[in-house]
>>> print(open('my_file.tsv').read())   # TSV, C-alpha atoms (C1' of nucleotides)
chain	number	residue	atom	x	y	z
J	1	MET	CA	-5.55	-132.53	20.68
J	2	ALA	CA	-4.56	-135.99	21.84
J	3	LYS	CA	-1.55	-137.63	20.23
J	4	LYS	CA	-0.14	-141.10	20.41
J	5	VAL	CA	3.57	-141.75	20.84
J	6	MET	CA	5.86	-144.76	21.14
J	7	VAL	CA	8.41	-144.41	23.91
J	8	LYS	CA	11.49	-146.50	24.59
J	9	LYS	CA	12.38	-147.98	27.97
J	10	GLY	CA	14.16	-145.32	30.00
J	11	GLU	CA	12.65	-142.36	28.18
J	12	VAL	CA	11.49	-139.53	30.40
J	13	LEU	CA	8.12	-138.07	29.39
J	14	GLN	CA	8.00	-135.36	32.02
J	15	ARG	CA	10.57	-133.84	34.34
J	16	SER	CA	10.10	-132.34	37.80
J	17	GLY	CA	10.03	-128.55	37.48
J	18	GLU	CA	8.55	-128.56	33.99
J	19	LEU	CA	5.18	-127.00	33.44
J	20	ASN	CA	2.67	-129.64	34.13
J	21	THR	CA	0.13	-129.65	31.32
J	22	LYS	CA	-0.19	-133.28	30.28
J	23	VAL	CA	-1.90	-136.49	31.22
J	24	PHE	CA	-0.56	-139.82	29.96
J	25	HIS	CA	-2.71	-142.79	29.14
J	26	VAL	CA	-0.83	-146.06	28.75
J	27	GLN	CA	-2.04	-148.35	25.96
J	28	SER	CA	0.77	-150.86	26.29
J	29	GLY	CA	3.95	-151.09	28.35
J	30	LEU	CA	4.62	-149.58	31.75
J	31	LEU	CA	5.31	-146.09	33.11
J	32	ARG	CA	6.21	-144.86	36.55
J	33	SER	CA	6.10	-141.49	38.28
J	34	TYR	CA	8.61	-140.57	40.96
J	35	CYS	CA	10.04	-137.65	42.88
J	36	LEU	CA	13.52	-136.90	44.17
J	37	ASP	CA	14.10	-135.98	47.81
J	38	TYR	CA	16.62	-133.45	49.14
J	39	LYS	CA	19.30	-136.14	49.03
J	40	GLY	CA	18.56	-136.94	45.41
J	41	LYS	CA	16.96	-140.23	46.31
J	42	GLU	CA	14.07	-141.49	44.14
J	43	HIS	CA	10.65	-142.29	45.56
J	44	ILE	CA	8.20	-144.00	43.25
J	45	PHE	CA	4.78	-142.44	43.50
J	46	MET	CA	2.95	-144.83	41.19
J	47	PHE	CA	3.20	-147.42	38.45
J	48	ALA	CA	0.98	-147.26	35.38
J	49	PRO	CA	0.61	-150.47	33.37
J	50	GLU	CA	-1.68	-150.90	30.36
J	51	GLY	CA	-5.02	-149.15	30.71
J	52	TRP	CA	-3.89	-146.77	33.44
J	53	THR	CA	-3.67	-143.03	33.37
J	54	ILE	CA	-0.75	-141.24	35.00
J	55	ALA	CA	-0.18	-137.55	35.70
J	56	ASP	CA	1.01	-135.18	38.35
J	57	ALA	CA	-2.03	-134.12	40.41
J	58	ILE	CA	-0.58	-130.65	40.90
J	59	PRO	CA	-2.69	-127.88	39.30
J	60	ALA	CA	-1.96	-127.42	35.60
J	61	GLU	CA	-0.25	-124.03	35.79
J	62	GLN	CA	2.34	-125.15	38.33
J	63	PRO	CA	5.69	-126.86	37.77
J	64	SER	CA	5.56	-130.59	38.22
J	65	ASP	CA	6.74	-132.36	41.38
J	66	LEU	CA	7.05	-135.67	39.58
J	67	TYR	CA	9.07	-137.28	36.84
J	68	ILE	CA	7.28	-139.64	34.50
J	69	GLU	CA	9.38	-142.32	32.84
J	70	ALA	CA	8.94	-145.46	30.74
J	71	LEU	CA	10.01	-148.72	32.43
J	72	GLU	CA	9.27	-150.69	29.27
J	73	ASP	CA	8.84	-149.75	25.62
J	74	SER	CA	5.35	-148.27	25.70
J	75	GLU	CA	2.52	-146.93	23.61
J	76	VAL	CA	1.21	-143.77	25.25
J	77	VAL	CA	-1.60	-141.35	24.49
J	78	ILE	CA	-0.74	-137.81	25.58
J	79	LEU	CA	-3.70	-135.64	26.55
J	80	PRO	CA	-3.81	-132.00	27.55
J	81	LYS	CA	-4.20	-131.62	31.30
J	82	ASP	CA	-7.47	-129.68	31.22
J	83	ILE	CA	-9.20	-132.73	29.80
J	84	GLU	CA	-9.47	-133.80	33.44
J	85	ARG	CA	-11.70	-130.85	34.09
J	86	GLU	CA	-14.29	-131.83	31.47
J	87	ASN	CA	-14.19	-135.27	30.05
J	88	HIS	CA	-12.46	-137.22	32.85
J	89	ASN	CA	-15.24	-139.08	34.55
J	90	THR	CA	-15.81	-138.71	38.22
J	91	ALA	CA	-15.68	-142.44	38.84
J	92	THR	CA	-12.03	-142.53	37.75
J	93	LEU	CA	-11.11	-139.66	40.06
J	94	LEU	CA	-12.89	-141.34	42.96
J	95	ARG	CA	-10.97	-144.52	42.33
J	96	ARG	CA	-7.63	-142.68	42.28
J	97	LEU	CA	-8.66	-140.98	45.51
J	98	TYR	CA	-9.42	-144.31	47.13
J	99	VAL	CA	-6.11	-145.82	46.04
J	100	LEU	CA	-4.26	-142.87	47.57
J	101	GLN	CA	-6.26	-143.04	50.77
J	102	LYS	CA	-5.27	-146.69	51.18
J	103	ARG	CA	-1.67	-145.82	50.46
J	104	VAL	CA	-1.56	-143.08	53.12
J	105	ILE	CA	-3.20	-145.36	55.67
J	106	MET	CA	-0.72	-148.15	54.93
J	107	LEU	CA	2.30	-145.83	55.05
J	108	MET	CA	1.20	-144.64	58.47
J	109	SER	CA	-0.03	-147.79	60.08
J	110	SER	CA	1.62	-150.86	58.55
J	111	PRO	CA	5.18	-152.15	58.77
J	112	ALA	CA	7.19	-152.63	55.56
J	113	ILE	CA	6.48	-156.35	55.23
J	114	GLU	CA	2.72	-155.79	55.24
J	115	ARG	CA	2.98	-153.01	52.72
J	116	TYR	CA	5.01	-155.38	50.57
J	117	GLU	CA	2.45	-158.15	50.80
J	118	HIS	CA	-0.37	-155.74	50.05
J	119	PHE	CA	1.52	-154.49	46.99
J	120	ILE	CA	2.10	-158.01	45.68
J	121	GLU	CA	-1.56	-158.91	46.10
J	122	THR	CA	-2.81	-155.71	44.53
J	123	TYR	CA	-0.37	-155.52	41.60
J	124	PRO	CA	0.92	-159.07	40.99
J	125	ASP	CA	1.70	-158.32	37.34
J	126	VAL	CA	3.67	-155.15	38.05
J	127	ALA	CA	5.65	-157.00	40.72
J	128	GLN	CA	6.86	-159.44	38.03
J	129	ARG	CA	7.89	-156.70	35.62
J	130	VAL	CA	9.98	-154.32	37.71
J	131	PRO	CA	13.20	-154.85	39.68
J	132	GLN	CA	12.93	-155.30	43.44
J	133	LYS	CA	14.52	-151.99	44.15
J	134	MET	CA	11.60	-150.24	42.47
J	135	ILE	CA	9.12	-152.09	44.62
J	136	ALA	CA	11.18	-151.03	47.64
J	137	SER	CA	11.10	-147.44	46.44
J	138	TYR	CA	7.32	-147.61	46.05
J	139	LEU	CA	7.01	-149.02	49.57
J	140	GLY	CA	9.14	-146.24	51.01
J	141	ILE	CA	12.09	-148.43	52.06
J	142	THR	CA	15.55	-149.31	50.70
J	143	PRO	CA	16.16	-152.46	48.64
J	144	GLU	CA	18.41	-153.75	51.45
J	145	ALA	CA	15.57	-153.39	53.94
J	146	LEU	CA	13.21	-155.22	51.59
J	147	SER	CA	15.67	-158.10	51.28
J	148	LYS	CA	16.06	-158.25	55.03
J	149	VAL	CA	12.37	-158.09	55.80
J	150	LYS	CA	11.44	-160.80	53.27
J	151	ASN	CA	14.17	-162.95	54.71
J	152	ALA	CA	12.94	-162.44	58.25
J	153	ARG	CA	9.44	-163.62	57.37
J	154	ARG	CA	10.78	-166.76	55.67
J	155	LYS	CA	11.71	-168.42	58.98
G	1	MET	CA	-31.83	-135.47	50.98
G	2	ALA	CA	-29.27	-133.35	52.78
G	3	LYS	CA	-29.79	-132.66	56.45
G	4	LYS	CA	-28.06	-130.39	58.88
G	5	VAL	CA	-27.07	-131.52	62.36
G	6	MET	CA	-25.34	-130.04	65.39
G	7	VAL	CA	-22.76	-132.37	66.89
G	8	LYS	CA	-21.00	-132.10	70.22
G	9	LYS	CA	-17.26	-132.43	70.67
G	10	GLY	CA	-16.38	-136.10	70.89
G	11	GLU	CA	-19.41	-137.33	68.97
G	12	VAL	CA	-18.69	-140.01	66.39
G	13	LEU	CA	-20.49	-139.49	63.08
G	14	GLN	CA	-19.27	-142.65	61.41
G	15	ARG	CA	-17.57	-145.78	62.62
G	16	SER	CA	-15.12	-148.07	60.84
G	17	GLY	CA	-17.00	-151.11	59.56
G	18	GLU	CA	-20.27	-149.29	59.08
G	19	LEU	CA	-21.71	-148.99	55.63
G	20	ASN	CA	-20.19	-145.97	54.11
G	21	THR	CA	-22.97	-143.94	52.53
G	22	LYS	CA	-22.41	-140.39	53.71
G	23	VAL	CA	-20.37	-137.30	53.02
G	24	PHE	CA	-19.99	-134.62	55.70
G	25	HIS	CA	-19.70	-130.94	54.96
G	26	VAL	CA	-18.51	-128.85	57.88
G	27	GLN	CA	-20.17	-125.45	58.26
G	28	SER	CA	-18.58	-124.61	61.59
G	29	GLY	CA	-16.35	-126.45	64.03
G	30	LEU	CA	-13.83	-129.19	63.27
G	31	LEU	CA	-14.03	-132.88	62.39
G	32	ARG	CA	-11.35	-135.52	61.93
G	33	SER	CA	-11.19	-138.89	60.24
G	34	TYR	CA	-8.94	-141.64	61.55
G	35	CYS	CA	-8.30	-145.35	61.37
G	36	LEU	CA	-7.14	-147.89	63.94
G	37	ASP	CA	-4.20	-150.18	63.26
G	38	TYR	CA	-3.85	-153.82	64.34
G	39	LYS	CA	-2.58	-152.65	67.72
G	40	GLY	CA	-5.58	-150.39	68.23
G	41	LYS	CA	-3.52	-147.27	67.68
G	42	GLU	CA	-5.21	-144.26	66.03
G	43	HIS	CA	-3.88	-142.67	62.85
G	44	ILE	CA	-5.47	-139.40	61.80
G	45	PHE	CA	-6.19	-139.37	58.11
G	46	MET	CA	-7.44	-135.81	57.84
G	47	PHE	CA	-8.82	-132.77	59.62
G	48	ALA	CA	-11.86	-130.91	58.29
G	49	PRO	CA	-12.36	-127.35	59.55
G	50	GLU	CA	-15.12	-124.98	58.36
G	51	GLY	CA	-15.80	-125.19	54.65
G	52	TRP	CA	-14.24	-128.62	54.19
G	53	THR	CA	-15.84	-131.84	53.13
G	54	ILE	CA	-14.86	-135.12	54.76
G	55	ALA	CA	-15.72	-138.69	53.83
G	56	ASP	CA	-14.21	-142.11	53.44
G	57	ALA	CA	-13.05	-142.47	49.82
G	58	ILE	CA	-13.94	-146.17	49.83
G	59	PRO	CA	-16.73	-147.07	47.35
G	60	ALA	CA	-20.19	-146.43	48.75
G	61	GLU	CA	-21.29	-150.06	49.09
G	62	GLN	CA	-18.34	-151.11	51.21
G	63	PRO	CA	-17.83	-150.86	54.97
G	64	SER	CA	-15.85	-147.82	56.02
G	65	ASP	CA	-12.15	-147.92	56.93
G	66	LEU	CA	-12.38	-144.64	58.79
G	67	TYR	CA	-14.00	-143.17	61.86
G	68	ILE	CA	-15.29	-139.62	61.62
G	69	GLU	CA	-15.49	-137.65	64.84
G	70	ALA	CA	-16.10	-134.09	66.01
G	71	LEU	CA	-13.12	-132.39	67.69
G	72	GLU	CA	-15.21	-129.32	68.48
G	73	ASP	CA	-18.95	-128.66	68.67
G	74	SER	CA	-19.80	-128.47	64.97
G	75	GLU	CA	-22.51	-127.69	62.48
G	76	VAL	CA	-22.47	-130.39	59.82
G	77	VAL	CA	-24.41	-130.99	56.62
G	78	ILE	CA	-24.81	-134.71	55.93
G	79	LEU	CA	-25.11	-135.63	52.26
G	80	PRO	CA	-25.73	-139.03	50.66
G	81	LYS	CA	-22.52	-140.48	49.24
G	82	ASP	CA	-23.68	-140.70	45.65
G	83	ILE	CA	-23.82	-136.94	45.47
G	84	GLU	CA	-20.11	-137.17	44.70
G	85	ARG	CA	-20.93	-138.97	41.51
G	86	GLU	CA	-23.15	-136.22	40.12
G	87	ASN	CA	-23.00	-132.82	41.66
G	88	HIS	CA	-19.56	-132.84	43.24
G	89	ASN	CA	-17.42	-130.75	40.97
G	90	THR	CA	-14.31	-132.11	39.45
G	91	ALA	CA	-12.17	-129.23	40.73
G	92	THR	CA	-12.83	-130.30	44.32
G	93	LEU	CA	-11.86	-133.89	43.60
G	94	LEU	CA	-8.68	-132.77	41.85
G	95	ARG	CA	-7.77	-130.67	44.85
G	96	ARG	CA	-8.32	-133.58	47.24
G	97	LEU	CA	-6.18	-135.71	44.94
G	98	TYR	CA	-3.40	-133.16	45.00
G	99	VAL	CA	-3.46	-132.90	48.79
G	100	LEU	CA	-3.15	-136.67	49.05
G	101	GLN	CA	-0.35	-136.82	46.51
G	102	LYS	CA	1.64	-134.29	48.56
G	103	ARG	CA	0.93	-136.29	51.70
G	104	VAL	CA	2.21	-139.55	50.21
G	105	ILE	CA	5.34	-137.85	48.89
G	106	MET	CA	6.04	-136.27	52.28
G	107	LEU	CA	5.45	-139.51	54.17
G	108	MET	CA	7.95	-141.26	51.93
G	109	SER	CA	10.63	-138.63	51.49
G	110	SER	CA	10.67	-136.19	54.41
G	111	PRO	CA	11.73	-136.70	58.02
G	112	ALA	CA	9.21	-136.00	60.81
G	113	ILE	CA	10.41	-132.46	61.53
G	114	GLU	CA	9.83	-131.36	57.94
G	115	ARG	CA	6.42	-132.95	57.84
G	116	TYR	CA	5.64	-131.05	61.04
G	117	GLU	CA	6.79	-127.73	59.59
G	118	HIS	CA	4.85	-128.35	56.40
G	119	PHE	CA	1.72	-129.10	58.42
G	120	ILE	CA	2.07	-125.92	60.50
G	121	GLU	CA	2.51	-123.80	57.38
G	122	THR	CA	-0.35	-125.43	55.54
G	123	TYR	CA	-2.87	-125.58	58.39
G	124	PRO	CA	-1.84	-122.90	60.93
G	125	ASP	CA	-5.39	-122.58	62.25
G	126	VAL	CA	-5.90	-126.32	62.79
G	127	ALA	CA	-2.55	-126.52	64.55
G	128	GLN	CA	-3.85	-124.03	67.16
G	129	ARG	CA	-7.06	-125.91	67.73
G	130	VAL	CA	-6.01	-129.52	68.29
G	131	PRO	CA	-3.72	-131.10	70.89
G	132	GLN	CA	-0.16	-131.90	69.87
G	133	LYS	CA	-0.74	-135.60	70.01
G	134	MET	CA	-3.26	-135.29	67.21
G	135	ILE	CA	-0.75	-133.46	65.06
G	136	ALA	CA	1.71	-136.24	65.82
G	137	SER	CA	-0.89	-138.81	64.81
G	138	TYR	CA	-1.50	-136.97	61.54
G	139	LEU	CA	2.25	-136.89	60.87
G	140	GLY	CA	2.59	-140.61	61.50
G	141	ILE	CA	4.71	-140.37	64.66
G	142	THR	CA	4.14	-140.59	68.43
G	143	PRO	CA	3.65	-137.47	70.57
G	144	GLU	CA	6.93	-138.33	72.35
G	145	ALA	CA	8.78	-138.29	69.05
G	146	LEU	CA	7.22	-134.94	68.12
G	147	SER	CA	8.36	-133.46	71.44
G	148	LYS	CA	11.86	-134.80	70.89
G	149	VAL	CA	12.16	-133.64	67.32
G	150	LYS	CA	10.92	-130.12	68.05
G	151	ASN	CA	13.38	-129.93	70.90
G	152	ALA	CA	16.25	-131.07	68.73
G	153	ARG	CA	15.63	-128.31	66.19
G	154	ARG	CA	15.49	-125.63	68.91
G	155	LYS	CA	19.21	-125.82	69.57
P	1	DA	C1'	-12.89	-125.28	94.40
P	2	DT	C1'	-11.47	-129.95	94.20
P	3	DA	C1'	-11.04	-134.15	91.94
P	4	DT	C1'	-10.27	-136.54	87.76
P	5	DT	C1'	-8.85	-137.09	83.38
P	6	DT	C1'	-5.87	-135.40	79.48
P	7	DT	C1'	-1.92	-133.58	77.72
P	8	DC	C1'	3.04	-132.51	77.30
P	9	DT	C1'	7.65	-133.34	78.34
P	10	DT	C1'	11.78	-135.88	79.63
P	11	DA	C1'	14.47	-139.88	80.00
P	12	DA	C1'	16.24	-144.69	79.43
P	13	DC	C1'	16.11	-148.17	76.56
P	14	DC	C1'	14.74	-150.82	72.18
P	15	DT	C1'	13.87	-151.88	67.16
P	16	DA	C1'	12.81	-151.17	62.28
P	17	DG	C1'	14.89	-149.64	58.82
P	18	DG	C1'	18.99	-146.75	56.76
P	19	DT	C1'	23.96	-146.64	55.30
P	20	DT	C1'	28.00	-148.32	53.41
P	21	DA	C1'	30.57	-151.84	51.57
P	22	DT	C1'	31.32	-156.32	49.35
P	23	DT	C1'	30.16	-160.20	46.54
P	24	DG	C1'	28.22	-162.71	42.71
P	25	DG	C1'	25.05	-163.07	39.09
P	26	DA	C1'	22.09	-161.20	35.35
P	27	DA	C1'	21.33	-157.92	31.66
P	28	DA	C1'	22.78	-154.69	28.27
P	29	DA	C1'	26.04	-152.73	25.37
P	30	DG	C1'	29.98	-152.97	22.55
F	1	DC	C1'	31.67	-163.20	23.06
F	2	DT	C1'	33.38	-159.94	26.34
F	3	DT	C1'	32.95	-155.92	28.85
F	4	DT	C1'	30.40	-153.01	31.46
F	5	DT	C1'	26.55	-151.77	33.92
F	6	DC	C1'	22.84	-153.07	36.85
F	7	DC	C1'	20.74	-155.92	40.39
F	8	DA	C1'	20.05	-158.82	44.60
F	9	DA	C1'	21.74	-160.39	48.84
F	10	DT	C1'	24.43	-160.17	53.04
F	11	DA	C1'	26.75	-158.18	56.90
F	12	DA	C1'	28.37	-154.63	60.31
F	13	DC	C1'	27.18	-150.70	62.03
F	14	DC	C1'	24.18	-146.38	62.79
F	15	DT	C1'	19.96	-143.43	63.63
F	16	DA	C1'	15.16	-141.91	63.67
F	17	DG	C1'	11.59	-142.88	65.87
F	18	DG	C1'	8.94	-146.31	69.10
F	19	DT	C1'	8.02	-147.96	73.96
F	20	DT	C1'	7.44	-147.53	78.68
F	21	DA	C1'	7.34	-144.95	82.62
F	22	DA	C1'	6.85	-140.97	85.47
F	23	DG	C1'	5.97	-136.29	86.78
F	24	DA	C1'	4.02	-131.49	85.95
F	25	DA	C1'	0.65	-128.62	83.91
F	26	DA	C1'	-3.84	-128.02	81.65
F	27	DA	C1'	-8.27	-128.90	80.82
F	28	DT	C1'	-12.90	-131.19	82.33
F	29	DA	C1'	-15.92	-132.79	85.29
F	30	DT	C1'	-18.15	-133.00	89.95
>>> encode(input="my_file.tsv", output="structure tokens")
Amino acid sequence: MAKKVMVKKGEVLQRSGELNTKVFHVQSGLLRSYCLDYKGKEHIFMFAPEGWTIADAIPAEQPSDLYIEALEDSEVVILPKDIERENHNTATLLRRLYVLQKRVIMLMSSPAIERYEHFIETYPDVAQRVPQKMIASYLGITPEALSKVKNARRK
Amino acid sequence: MAKKVMVKKGEVLQRSGELNTKVFHVQSGLLRSYCLDYKGKEHIFMFAPEGWTIADAIPAEQPSDLYIEALEDSEVVILPKDIERENHNTATLLRRLYVLQKRVIMLMSSPAIERYEHFIETYPDVAQRVPQKMIASYLGITPEALSKVKNARRK
DNA sequence: ATATTTTCTTAACCTAGGTTATTGGAAAAG
DNA sequence: CTTTTCCAATAACCTAGGTTAAGAAAATAT
């Protein structure tokens, strides 16, 4: 049922539009999920370092909204999507729910610099491992804006 | 364990900062959850019409981030928070997760007018029952901006 | 019914962040 | 090592949406 694979940096594990039947558990390395907007611009939905699980939350029969890609060489366990229905413990789902709630609240009510600081505090390791432009994409701003905003604070 | 209450429009069922130990199931009427930002401005996190469940996703021991308030006279079943851990079925949690995922993606990648149209399509009934400024608050913009943006499209 | 409070709209002006372009440096690839 | 690609920073300019204010229309309260 479950199988383990080694993926190289840059490899795409799932593409938007593909049937969404898998859940990925990261044993080592780093994955990200992202979507493309109508202009073809990427928006990072989440990062998944070691120990995290990453998947599109869309129901299993529907085509995926998200791409899932390796940002580092990674060791990944691929599980069938319906495992969420049985085995996946409720505590994990509740935690994911809480993380997303926080994210929505921050997107609506905090300026970019605060979202940046919150990200750095919450995921200090990830912040060291990905380029700035990916952090910007996760925050919902451009890399230029992130540069500017960090600069503005440093005065 | 569970108790049913009638609440009047405007009544606050839970306040930010209070210990977050309850889940509210709406039998009739309409509730909303919202947070306040550092300027005291409200941001609506979600609406809960008949049949929906609403709660702060923060772990049960921690003080709530969200206010929960009745927008109409409502019939509400109040459940202890830990019911989520046992009885709450996984399908419901997965659906909540999916709704939030969509919300985050839209907040990051779609302009206000598209978020508005998506809201109207997804919750046509709610859109009829709440003032425009609450829709604006849910979308993450001001009522003035919503007026402007709707006007701009109508040309 | 009348008074009071909300809501919606419009308008003038302002600001956070987007866009495009350029530079220089750091990584990858050959 | 050298070439190419990728990345960060800066600057000039632009735009979506915020802010403040004011008036008209609804909704609530008295």
>>> interface_residues(input="my_file.tsv", of="chain J", to="chain F", cutoff="12 Å", atoms="all atoms listed in the file", output="list in words")
Val130, Pro131, Gln132, Lys133, Met134, Pro143, Glu144, Ala145, Leu146, Ser147, Lys148, Val149, Lys150 and Asn151 of chain J
>>> residues_around(input="my_file.tsv", residues="G:Asp37", least_positions_apart="5", cutoff="9 Å", atoms="all atoms listed in the file", output="PDB file with C-alpha atoms, in the frame of the given file")
ATOM      1  CA  SER J 109      -0.030-147.790  60.080  1.00  0.00           C
ATOM      2  CA  SER J 110       1.620-150.860  58.550  1.00  0.00           C
TER       3      SER J 110
ATOM      4  CA  GLU G  42      -5.210-144.260  66.030  1.00  0.00           C
ATOM      5  CA  HIS G  43      -3.880-142.670  62.850  1.00  0.00           C
TER       6      HIS G  43
END
>>> calpha_fit_and_write(input="my_file.tsv", fixed="chain J", moving="chain G", output="short mmCIF file (atom, residue, chain, number, x, y, z; two decimals) with C-alpha atoms, in the coordinates of the input")
data_model
loop_
_atom_site.label_atom_id
_atom_site.label_comp_id
_atom_site.auth_asym_id
_atom_site.auth_seq_id
_atom_site.Cartn_x
_atom_site.Cartn_y
_atom_site.Cartn_z
CA MET G 1 -5.50 -132.54 20.72
CA ALA G 2 -4.53 -136.01 21.85
CA LYS G 3 -1.54 -137.63 20.23
CA LYS G 4 -0.12 -141.10 20.40
CA VAL G 5 3.58 -141.77 20.83
CA MET G 6 5.86 -144.78 21.13
CA VAL G 7 8.41 -144.41 23.91
CA LYS G 8 11.47 -146.52 24.59
CA LYS G 9 12.34 -147.97 27.97
CA GLY G 10 14.14 -145.33 30.00
CA GLU G 11 12.64 -142.36 28.16
CA VAL G 12 11.48 -139.52 30.38
CA LEU G 13 8.11 -138.07 29.39
CA GLN G 14 8.01 -135.35 32.01
CA ARG G 15 10.55 -133.85 34.34
CA SER G 16 10.10 -132.33 37.79
CA GLY G 17 10.04 -128.55 37.47
CA GLU G 18 8.57 -128.55 34.00
CA LEU G 19 5.19 -127.01 33.44
CA ASN G 20 2.69 -129.66 34.13
CA THR G 21 0.18 -129.66 31.30
CA LYS G 22 -0.17 -133.28 30.28
CA VAL G 23 -1.90 -136.50 31.21
CA PHE G 24 -0.55 -139.83 29.96
CA HIS G 25 -2.72 -142.79 29.12
CA VAL G 26 -0.84 -146.05 28.74
CA GLN G 27 -2.05 -148.34 25.96
CA SER G 28 0.76 -150.86 26.29
CA GLY G 29 3.93 -151.09 28.34
CA LEU G 30 4.59 -149.58 31.77
CA LEU G 31 5.31 -146.09 33.09
CA ARG G 32 6.22 -144.83 36.55
CA SER G 33 6.10 -141.49 38.29
CA TYR G 34 8.62 -140.57 40.96
CA CYS G 35 10.05 -137.66 42.88
CA LEU G 36 13.53 -136.89 44.18
CA ASP G 37 14.12 -135.96 47.80
CA TYR G 38 16.64 -133.42 49.13
CA LYS G 39 19.32 -136.10 49.03
CA GLY G 40 18.59 -136.92 45.40
CA LYS G 41 16.98 -140.22 46.31
CA GLU G 42 14.09 -141.47 44.14
CA HIS G 43 10.66 -142.27 45.57
CA ILE G 44 8.22 -143.99 43.25
CA PHE G 45 4.80 -142.44 43.50
CA MET G 46 2.97 -144.82 41.19
CA PHE G 47 3.20 -147.41 38.45
CA ALA G 48 0.96 -147.24 35.38
CA PRO G 49 0.59 -150.46 33.37
CA GLU G 50 -1.71 -150.89 30.34
CA GLY G 51 -5.05 -149.15 30.71
CA TRP G 52 -3.91 -146.76 33.43
CA THR G 53 -3.67 -143.02 33.37
CA ILE G 54 -0.75 -141.23 35.00
CA ALA G 55 -0.19 -137.55 35.70
CA ASP G 56 1.01 -135.18 38.36
CA ALA G 57 -2.02 -134.11 40.42
CA ILE G 58 -0.56 -130.63 40.91
CA PRO G 59 -2.67 -127.86 39.31
CA ALA G 60 -1.97 -127.43 35.62
CA GLU G 61 -0.25 -124.03 35.80
CA GLN G 62 2.36 -125.12 38.32
CA PRO G 63 5.70 -126.83 37.76
CA SER G 64 5.57 -130.58 38.23
CA ASP G 65 6.76 -132.36 41.39
CA LEU G 66 7.06 -135.66 39.58
CA TYR G 67 9.09 -137.27 36.84
CA ILE G 68 7.29 -139.63 34.49
CA GLU G 69 9.38 -142.31 32.83
CA ALA G 70 8.91 -145.45 30.75
CA LEU G 71 9.98 -148.71 32.44
CA GLU G 72 9.25 -150.68 29.28
CA ASP G 73 8.82 -149.74 25.62
CA SER G 74 5.32 -148.27 25.70
CA GLU G 75 2.50 -146.93 23.59
CA VAL G 76 1.21 -143.77 25.22
CA VAL G 77 -1.61 -141.35 24.47
CA ILE G 78 -0.72 -137.82 25.58
CA LEU G 79 -3.69 -135.65 26.53
CA PRO G 80 -3.79 -131.99 27.55
CA LYS G 81 -4.20 -131.62 31.31
CA ASP G 82 -7.46 -129.72 31.22
CA ILE G 83 -9.19 -132.76 29.83
CA GLU G 84 -9.47 -133.85 33.45
CA ARG G 85 -11.69 -130.90 34.13
CA GLU G 86 -14.28 -131.80 31.50
CA ASN G 87 -14.28 -135.25 30.07
CA HIS G 88 -12.54 -137.22 32.80
CA ASN G 89 -15.28 -139.09 34.56
CA THR G 90 -15.82 -138.72 38.22
CA ALA G 91 -15.67 -142.48 38.84
CA THR G 92 -12.03 -142.54 37.73
CA LEU G 93 -11.11 -139.68 40.04
CA LEU G 94 -12.88 -141.35 42.95
CA ARG G 95 -10.96 -144.53 42.30
CA ARG G 96 -7.63 -142.68 42.23
CA LEU G 97 -8.65 -140.99 45.48
CA TYR G 98 -9.41 -144.32 47.08
CA VAL G 99 -6.09 -145.81 46.01
CA LEU G 100 -4.26 -142.87 47.54
CA GLN G 101 -6.26 -143.04 50.75
CA LYS G 102 -5.28 -146.70 51.16
CA ARG G 103 -1.66 -145.80 50.44
CA VAL G 104 -1.55 -143.09 53.10
CA ILE G 105 -3.18 -145.37 55.67
CA MET G 106 -0.70 -148.16 54.91
CA LEU G 107 2.30 -145.84 55.04
CA MET G 108 1.21 -144.64 58.47
CA SER G 109 -0.04 -147.83 60.08
CA SER G 110 1.60 -150.90 58.54
CA PRO G 111 5.17 -152.16 58.79
CA ALA G 112 7.19 -152.65 55.58
CA ILE G 113 6.48 -156.37 55.25
CA GLU G 114 2.72 -155.82 55.23
CA ARG G 115 2.99 -153.02 52.72
CA TYR G 116 5.04 -155.40 50.57
CA GLU G 117 2.45 -158.17 50.80
CA HIS G 118 -0.36 -155.74 50.05
CA PHE G 119 1.51 -154.49 46.99
CA ILE G 120 2.11 -158.03 45.68
CA GLU G 121 -1.56 -158.92 46.11
CA THR G 122 -2.80 -155.72 44.54
CA TYR G 123 -0.37 -155.52 41.62
CA PRO G 124 0.91 -159.08 40.99
CA ASP G 125 1.66 -158.31 37.34
CA VAL G 126 3.66 -155.14 38.05
CA ALA G 127 5.63 -156.98 40.72
CA GLN G 128 6.85 -159.43 38.03
CA ARG G 129 7.86 -156.70 35.64
CA VAL G 130 9.96 -154.30 37.71
CA PRO G 131 13.17 -154.83 39.69
CA GLN G 132 12.88 -155.29 43.44
CA LYS G 133 14.49 -151.99 44.18
CA MET G 134 11.61 -150.23 42.48
CA ILE G 135 9.12 -152.08 44.64
CA ALA G 136 11.17 -151.03 47.65
CA SER G 137 11.10 -147.44 46.44
CA TYR G 138 7.32 -147.60 46.06
CA LEU G 139 7.01 -149.01 49.58
CA GLY G 140 9.15 -146.24 51.03
CA ILE G 141 12.10 -148.42 52.09
CA THR G 142 15.55 -149.29 50.72
CA PRO G 143 16.16 -152.45 48.66
CA GLU G 144 18.41 -153.71 51.49
CA ALA G 145 15.57 -153.38 53.96
CA LEU G 146 13.20 -155.22 51.61
CA SER G 147 15.69 -158.09 51.30
CA LYS G 148 16.05 -158.24 55.07
CA VAL G 149 12.37 -158.11 55.82
CA LYS G 150 11.46 -160.80 53.29
CA ASN G 151 14.18 -162.97 54.74
CA ALA G 152 12.93 -162.47 58.27
CA ARG G 153 9.43 -163.65 57.37
CA ARG G 154 10.78 -166.78 55.64
CA LYS G 155 11.78 -168.41 58.91
#
